[in-house]
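Engineer: Got a structure here, written out as structure tokens. Questions coming.
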Amino acid sequence: MMRSTVEKVLSANDTGETHAHQAGLLIPKNIARLEFFPKLDPSIKNPRCVIDLRDAAGEEWTFNYIYYNNALFGGTRNEYRLTSMTEFLRHYDLKEGDTVVFKRPTGRFYGVDYRRKHQGLTTFPSGRKVLKLSGNWIILDTDDLS
DNA sequence: AGCCATGCACCG
DNA sequence: CGGTGCATGGCT
């Protein structure tokens, strides 16, 4: 399926809040499989490519998209990452729980955007979202809040 | 599968 | 020499 956008809720490690000097976010395999990002050749070790992006404010960024795949070469790694995102994450002060949105490129540039975490937004095991307000009021079905 | 963590190389 | 990212190991 050719989706036009993908997004990920940032982990603490993604944003650097755990003080891991890891600088980027882990891409879940199901997103990698969409081939939303360029396909990386698994026959070579740690294949990568550069991704040019533009955000809603018109700022341009360059991330690296890497497939750490040494598991296919006798090691233990088998995961995708977008790296070199520190500048972007700091520029918008993105934290754990915030969401980064990627839009399929029209020309040379992918689109990047972000959405702040709702304060008090939680997700029930059923997948239903709940926004807690003051005074014990809550809002159910928060799809239209985005 | 996903997140947390780190030794070291590189670079200002 | 301090900050950053690479490449990898470790834990859940």
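FYI, nothing fancy with the structure tokens labels: chains A, B, ... in order, residues from 1 per chain, ligands from 1 as they appear.
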I'd like the contact shell of DG5 of chain C - 8 Å cut-off, only C-alpha atoms (C1' of nucleotides), skipping same-chain residues fewer than 2 positions apart - returned as a PDB file with all heavy atoms, in the first residue's frame.

Structural biologist:
ATOM      1  N   HIS A  21      23.648   8.935  23.495  1.00  0.00           N
ATOM      2  CA  HIS A  21      24.056   9.782  22.369  1.00  0.00           C
ATOM      3  C   HIS A  21      23.804   9.010  21.084  1.00  0.00           C
ATOM      4  O   HIS A  21      24.697   8.626  20.358  1.00  0.00           O
ATOM      5  CB  HIS A  21      25.505  10.249  22.473  1.00  0.00           C
ATOM      6  CG  HIS A  21      26.460   9.236  23.016  1.00  0.00           C
ATOM      7  ND1 HIS A  21      27.729   9.095  22.560  1.00  0.00           N
ATOM      8  CD2 HIS A  21      26.336   8.320  23.996  1.00  0.00           C
ATOM      9  CE1 HIS A  21      28.342   8.143  23.224  1.00  0.00           C
ATOM     10  NE2 HIS A  21      27.520   7.664  24.097  1.00  0.00           N
ATOM     11  N   GLN A  22      22.536   8.800  20.867  1.00  0.00           N
ATOM     12  CA  GLN A  22      22.106   7.909  19.804  1.00  0.00           C
ATOM     13  C   GLN A  22      21.613   8.670  18.584  1.00  0.00           C
ATOM     14  O   GLN A  22      21.683   8.174  17.471  1.00  0.00           O
ATOM     15  CB  GLN A  22      21.028   6.970  20.348  1.00  0.00           C
ATOM     16  CG  GLN A  22      20.506   5.946  19.369  1.00  0.00           C
ATOM     17  CD  GLN A  22      19.199   6.382  18.805  1.00  0.00           C
ATOM     18  OE1 GLN A  22      18.441   7.096  19.433  1.00  0.00           O
ATOM     19  NE2 GLN A  22      18.921   5.966  17.580  1.00  0.00           N
ATOM     20  N   ALA A  23      21.087   9.872  18.795  1.00  0.00           N
ATOM     21  CA  ALA A  23      20.870  10.806  17.710  1.00  0.00           C
ATOM     22  C   ALA A  23      19.994  10.330  16.566  1.00  0.00           C
ATOM     23  O   ALA A  23      20.406  10.256  15.428  1.00  0.00           O
ATOM     24  CB  ALA A  23      22.219  11.240  17.143  1.00  0.00           C
ATOM     25  N   THR A  83      18.988   8.785  11.468  1.00  0.00           N
ATOM     26  CA  THR A  83      19.973   9.401  12.343  1.00  0.00           C
ATOM     27  C   THR A  83      20.224  10.856  11.962  1.00  0.00           C
ATOM     28  O   THR A  83      19.663  11.366  10.998  1.00  0.00           O
ATOM     29  CB  THR A  83      21.298   8.622  12.305  1.00  0.00           C
ATOM     30  OG1 THR A  83      21.876   8.749  11.011  1.00  0.00           O
ATOM     31  CG2 THR A  83      21.089   7.160  12.616  1.00  0.00           C
ATOM     32  N   SER A  84      21.058  11.476  12.741  1.00  0.00           N
ATOM     33  CA  SER A  84      21.423  12.892  12.534  1.00  0.00           C
ATOM     34  C   SER A  84      20.223  13.822  12.692  1.00  0.00           C
ATOM     35  O   SER A  84      20.097  14.807  11.977  1.00  0.00           O
ATOM     36  CB  SER A  84      22.029  13.108  11.139  1.00  0.00           C
ATOM     37  OG  SER A  84      23.078  12.221  10.911  1.00  0.00           O
TER      38      SER A  84
END

Engineer: Based on only C-alpha atoms (C1' of nucleotides), which of the residues in chain B come within 12 Å of chain A? I want them as a list of chain:residue names.

Structural biologist: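 On the chain B side, the interface is B:DA1, B:DG2, B:DC3, B:DC4, B:DA5, B:DT6, B:DG7.
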
Engineer: So which residues touch DG12 of chain B within 12 Å, counting only C-alpha atoms (C1' of nucleotides), skipping near sequence neighbours fewer than 4 positions away, as JSON, numbers by chain?

Structural biologist: {"C": [1, 2, 3, 4]}

Engineer: May I ask you to extract the residues of chain A within 12 Å of chain C, using only C-alpha atoms (C1' of nucleotides), and to give them as a list in words?

Structural biologist: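 Listed by rising number, the hits are Gly16, Ala20, His21, Gln22, Ala23, Gly24, Lys45, Asn46, Phe63, Asn64, Ile66, Tyr67, Tyr68, Asn69, Asn70, Ala71, Gly75, Thr76, Arg77, Asn78, Glu79, Arg81, Leu82, Thr83, Ser84, Met85, Thr86 and Glu87 of chain A.
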
Engineer: Can you pull out the residues contacting Thr99 of chain A? Cut-off 9 Å, using only C-alpha atoms (C1' of nucleotides), and skip same-chain residues under 5 positions away; I want them as a PyMOL selection string.

Structural biologist: chain A and resi 7-10+94+113-117

Engineer: Quick one: write out the picked residues with N, CA and C atoms as a compact mmCIF listing (two decimals), in the first residue's frame?

Structural biologist:
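Below is the file that was written, selection06.txt:
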# COMPACT_ATOMS: atom_id res chain seq x y z
N GLU A 7 3.96 8.13 10.58
CA GLU A 7 4.34 8.91 11.75
C GLU A 7 4.76 7.99 12.87
N LYS A 8 5.53 8.53 13.80
CA LYS A 8 5.97 7.75 14.94
C LYS A 8 5.93 8.58 16.21
N VAL A 9 5.44 7.96 17.28
CA VAL A 9 5.52 8.58 18.59
C VAL A 9 6.94 8.40 19.11
N LEU A 10 7.55 9.49 19.48
CA LEU A 10 8.95 9.45 19.90
C LEU A 10 9.14 8.76 21.24
N LEU A 94 11.32 18.72 20.70
CA LEU A 94 10.45 17.54 20.73
C LEU A 94 10.87 16.60 21.85
N ASP A 113 6.89 16.91 9.79
CA ASP A 113 6.05 17.73 10.65
C ASP A 113 6.02 17.04 12.00
N TYR A 114 5.38 17.67 12.94
CA TYR A 114 5.33 17.07 14.27
C TYR A 114 4.03 17.46 14.94
N ARG A 115 3.69 16.73 15.96
CA ARG A 115 2.48 17.00 16.74
C ARG A 115 2.83 16.82 18.20
N ARG A 116 2.51 17.79 19.00
CA ARG A 116 2.83 17.70 20.43
C ARG A 116 1.91 16.70 21.12
N LYS A 117 2.48 16.08 22.11
CA LYS A 117 1.69 15.16 22.93
C LYS A 117 0.61 15.94 23.66

Engineer: Among segment 2-64 of chain A, which residues does DSSP mark as strand (DSSP E or B) when it is run on the backbone? Keep the chain and numbering as in the structure and answer as a PyMOL selection string.

Structural biologist: chain A and resi 5-9+24-27+48-55+60-64

Engineer: One decimal, Å: what's the distance from atom CA of Ser43 of chain A over to atom CA of Leu25 of chain A, could you say?

Structural biologist: 23.0 Å

Engineer: Could you tell me how far atom CA of Glu60 of chain A sits from atom C1' of DC10 of chain B, in Å to one decimal place?

Structural biologist: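 The value is 24.3 Å.
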